[in-house]
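Undergrad: Structure incoming, see below.
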Amino acid sequence: MAEARVITPSPERTRETRRRERAVVAGQWQLMWWKFRRHRLAMIGGIVTLMIYLVAIFAGFLAPFSADAYSATYTYAPPQTLHLFQETAGVWAFAPYVNGYTVEVDLNAGRRNFVIDPDVRYPVGFFVQGEPYTILGIIQGNIHLIGPANQGDPMFLLGADRLGRDILSRTIFGTQISMTIGLVGVIFSLFFGVLLGGISGYFGGWIDNLIQRLIEFLQSLPSIPLWIALAAAIPPGIAPEQVYFFITIILSLLGWMGLARVVRGRFLALKTEDFVKAARLDGCSPMRVIFRHMLPSFLSHIIAVVTLAIPGMILAETALSFLGIGLRPPSVSWGVLLQEAQNIRSISTAPWLLLPGLAVIIAVLSLNFLGDGLRDAADPYL
């Protein structure tokens with residue numbers, strides 16, 4: 001009699017079987033997360049985006065100085081290199097410092113130039129006391145992550161501007177406005193886009209035609225002239241907080257059309273589904289059918305669209321502030337900082353004034369990678 005052979009499945013086959021069994025009972029959000037975490041660029045973009053928003057929250061702690069601190073002695077001072085170790089009596093020790101400056105007068109150009117002096121060293125400390133700040137309007141503090149060990153010593157890791165203000169500190173504080181204005185603007189755009197797009201797709205008929213013609217009219221207008229016209233309507237001399245509010249409204253008024261088109265298309269496909277008909281027969285109002293039944297069915301797709309819309313808001317605010325029709329000093333945003341680099345003379349004298357633009361590039365790329373990953377994870381056909 002032949003002996004029965006026991007076939008042992010390979011570990012790879014067992015893992016694949018377990019993975020399929022988990023996928024059968026997993027929910028929509030869990031499936032979306034499993035798919036999202038396989039997208040490496042999206043994971044990197046999500047981590048970088050989270051770090052940028054943490055910088056915005058803890059800007060007072062991370063920045064060496066306040067946003068308006070200045071030193072007229074060091075106008076257009078070049079960036080200093082942070083040295084972590086130095087040699088003393090033949091022994092290397094952890095003793096952070098930056099080199100000082102010497103001043104050279106350029107008689108031909110009629111200006112003074114700062115040159116790094118390797119013989120002068122200013123000690124740098126971590127968790128040092130400095131100017132007071134407030135985190136989230138609640139937590140008071142005066143401890144900074146990094147700063148000069150002795151108050152008054154120059155420390156410009158990314159250089160200084162025309163008033164002797166630290167570019168690094170101002171770039172960190174600019175994160176608060178540039179990143180939050182995109183987030184708040186997208187929230188307003190989300191409300192208008194979902195509401196008008198949902199009404200257009202759910203009711204159809206003349207309401208759909210009216211809303212779609214309005215969207216087509218607004219999309220046909222050139223963006224920059226329209227921004228300029230709306231920004232010109234902001235009364236001059238108002239408080240920076242009010243300017244921030246008006247700029248947010250302007251960006252949201254021009255950013256809801258794309259989302260409204262997406263929502264309309266999905267609603268046109270969903271309104272003939274059985275669960276929508278059942279909700280109508282159950283006596284649900286149109287608004288309840290839209291927000292309680294239809295909208296959650298593609299909420300993950302909306303999250304992806306919103307994530308991809310935030311970079312556009314950030315770039316729009318930067319462009320408006322750079323052109324001088326958006327936020328203005330004393331407000332600090334990346335666009336306001338880039339105003340300093342509007343002419344060739346400033347760039348030739350202090351090319352480090354363009355460094356806030358690097359922050360814009362990093363933020364936009366990370367948000368785009370995050371949005372691409374969310375869009376792919378939310379699409380069931382990929």
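For the structure tokens, the naming scheme is as follows: chains receive sequential letters (A, B, ...) according to their order of presentation, residues are indexed from 1 within each chain, and ligands are indexed from 1 in presentation order.
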Could you give me, as CSV, a per-residue list for region 176-226 of chain A showing, wherever an atom lies at most 12 Å from an atom of region 366-377 of chain A, the closest pair of atoms and their distance in Å to one decimal, using only C-alpha atoms and sorting by chain then residue number from low to high?

TA:
residue,atom,partner,partner_atom,distance
A:Met179,CA,A:Leu367,CA,10.6
A:Gly182,CA,A:Leu367,CA,11.1
A:Leu183,CA,A:Leu367,CA,11.4

Undergrad: Per DSSP on the backbone, what are the helix (DSSP H, G or I) residues of region 38-198 of chain A, as a PyMOL selection string?

TA: chain A and resi 40-57+59-62+72-74+167-198

Undergrad: If you keep C-alpha atoms, can you produce a file of those selected residues as a compact mmCIF listing (two decimals), in the first residue's frame?

TA:
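In the end it all went to result-v6.txt:
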# COMPACT_ATOMS: atom_id res chain seq x y z
CA ARG A 40 7.47 54.95 -0.88
CA LEU A 41 7.38 58.50 -2.23
CA ALA A 42 3.98 59.03 -0.62
CA MET A 43 5.28 57.80 2.74
CA ILE A 44 8.28 60.13 2.47
CA GLY A 45 6.00 63.00 1.47
CA GLY A 46 3.70 62.29 4.41
CA ILE A 47 6.60 62.26 6.89
CA VAL A 48 8.07 65.50 5.49
CA THR A 49 4.63 67.16 5.51
CA LEU A 50 4.10 66.15 9.14
CA MET A 51 7.52 67.53 10.05
CA ILE A 52 6.75 70.85 8.32
CA TYR A 53 3.51 71.24 10.27
CA LEU A 54 5.35 70.40 13.49
CA VAL A 55 7.82 73.17 12.60
CA ALA A 56 4.85 75.54 12.18
CA ILE A 57 3.46 74.58 15.61
CA ALA A 59 8.24 77.71 15.45
CA GLY A 60 9.02 79.81 18.53
CA PHE A 61 11.04 76.97 20.07
CA LEU A 62 12.86 75.99 16.87
CA ALA A 72 21.69 96.81 11.90
CA THR A 73 25.39 95.94 12.31
CA TYR A 74 25.01 92.74 10.26
CA ILE A 167 16.68 84.36 7.47
CA LEU A 168 16.45 80.97 9.23
CA SER A 169 14.20 82.30 12.00
CA ARG A 170 11.96 84.18 9.57
CA THR A 171 11.68 81.14 7.29
CA ILE A 172 10.63 79.01 10.26
CA PHE A 173 8.01 81.58 11.32
CA GLY A 174 6.87 81.90 7.70
CA THR A 175 5.86 78.24 7.84
CA GLN A 176 2.99 79.17 10.15
CA ILE A 177 1.21 81.37 7.62
CA SER A 178 2.23 79.71 4.34
CA MET A 179 1.22 76.20 5.45
CA THR A 180 -1.92 77.11 7.39
CA ILE A 181 -3.29 79.49 4.76
CA GLY A 182 -3.30 76.59 2.29
CA LEU A 183 -5.01 74.34 4.82
CA VAL A 184 -7.67 76.88 5.79
CA GLY A 185 -8.23 77.85 2.16
CA VAL A 186 -8.75 74.21 1.20
CA ILE A 187 -11.31 73.80 4.01
CA PHE A 188 -13.36 76.67 2.56
CA SER A 189 -12.90 75.28 -0.96
CA LEU A 190 -13.97 71.85 0.27
CA PHE A 191 -17.19 73.30 1.66
CA PHE A 192 -18.08 75.21 -1.52
CA GLY A 193 -16.96 72.42 -3.85
CA VAL A 194 -18.86 69.64 -2.08
CA LEU A 195 -21.99 71.77 -1.59
CA LEU A 196 -22.27 73.18 -5.11
CA GLY A 197 -20.91 70.06 -6.83
CA GLY A 198 -23.28 67.86 -4.83

Undergrad: Which of these residues is nearest to Arg165 (chain A), using only C-alpha atoms: A:Ile302, A:Ile224, A:Ile138, A:Ala67?

TA: A:Ala67

Undergrad: Smallest atom-to-atom distance to Gln30 (chain A): which of A:Ser66, A:Ser300, A:Ser252, A:Asn142, using only C-alpha atoms?

TA: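 Nearest to Gln30 (chain A): A:Ser300.
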
Undergrad: Could you tell me which of A:Leu145, A:Leu226, A:Ile199, A:Leu354 comes closest to Arg266 (chain A) if we count only C-alpha atoms?

TA: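 Using only C-alpha atoms, Arg266 (chain A) sits closest to A:Ile199.
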
Undergrad: Quick one: residues within 8 Å of Glu340 (chain A), only C-alpha atoms, excluding same-chain residues fewer than 3 positions away - as a ChimeraX atom specification?

TA: /A:161,336-337,343,346,353

Undergrad: Could the residues in this selection be saved with N, CA and C atoms as a PDB file, in the first residue's frame?

TA:
ATOM      1  N   ASP A 161      19.099  89.521   6.221  1.00  0.00           N
ATOM      2  CA  ASP A 161      18.508  90.334   5.152  1.00  0.00           C
ATOM      3  C   ASP A 161      18.983  91.780   5.268  1.00  0.00           C
ATOM      4  N   VAL A 336       6.249  86.726   1.449  1.00  0.00           N
ATOM      5  CA  VAL A 336       6.742  88.013   1.939  1.00  0.00           C
ATOM      6  C   VAL A 336       8.262  88.014   1.997  1.00  0.00           C
ATOM      7  N   LEU A 337       8.858  86.894   2.420  1.00  0.00           N
ATOM      8  CA  LEU A 337      10.324  86.813   2.476  1.00  0.00           C
ATOM      9  C   LEU A 337      10.945  86.893   1.095  1.00  0.00           C
ATOM     10  N   ASN A 343      14.837  92.014  -6.986  1.00  0.00           N
ATOM     11  CA  ASN A 343      15.677  92.711  -7.955  1.00  0.00           C
ATOM     12  C   ASN A 343      17.044  92.052  -8.028  1.00  0.00           C
ATOM     13  N   SER A 346      19.744  92.855  -5.190  1.00  0.00           N
ATOM     14  CA  SER A 346      19.621  92.120  -3.930  1.00  0.00           C
ATOM     15  C   SER A 346      20.138  90.701  -4.086  1.00  0.00           C
ATOM     16  N   LEU A 353      18.937  85.169   0.060  1.00  0.00           N
ATOM     17  CA  LEU A 353      17.556  85.642   0.206  1.00  0.00           C
ATOM     18  C   LEU A 353      16.574  84.747  -0.542  1.00  0.00           C
TER      19      LEU A 353
END

Undergrad: Which is closer to Ile362 (chain A) than all the others in A:Pro311, A:Gln212, A:Ser200, A:Phe94, using only C-alpha atoms?

TA: A:Pro311

Undergrad: Compare A:Asp68, A:Asp153, A:Glu131, A:Glu216 by their minimum atom-to-atom distance to Val98 (chain A), counting only C-alpha atoms, and give me the closest one.

TA: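 Of A:Asp68, A:Asp153, A:Glu131, A:Glu216, the one nearest Val98 (chain A), counting only C-alpha atoms, is A:Asp153.
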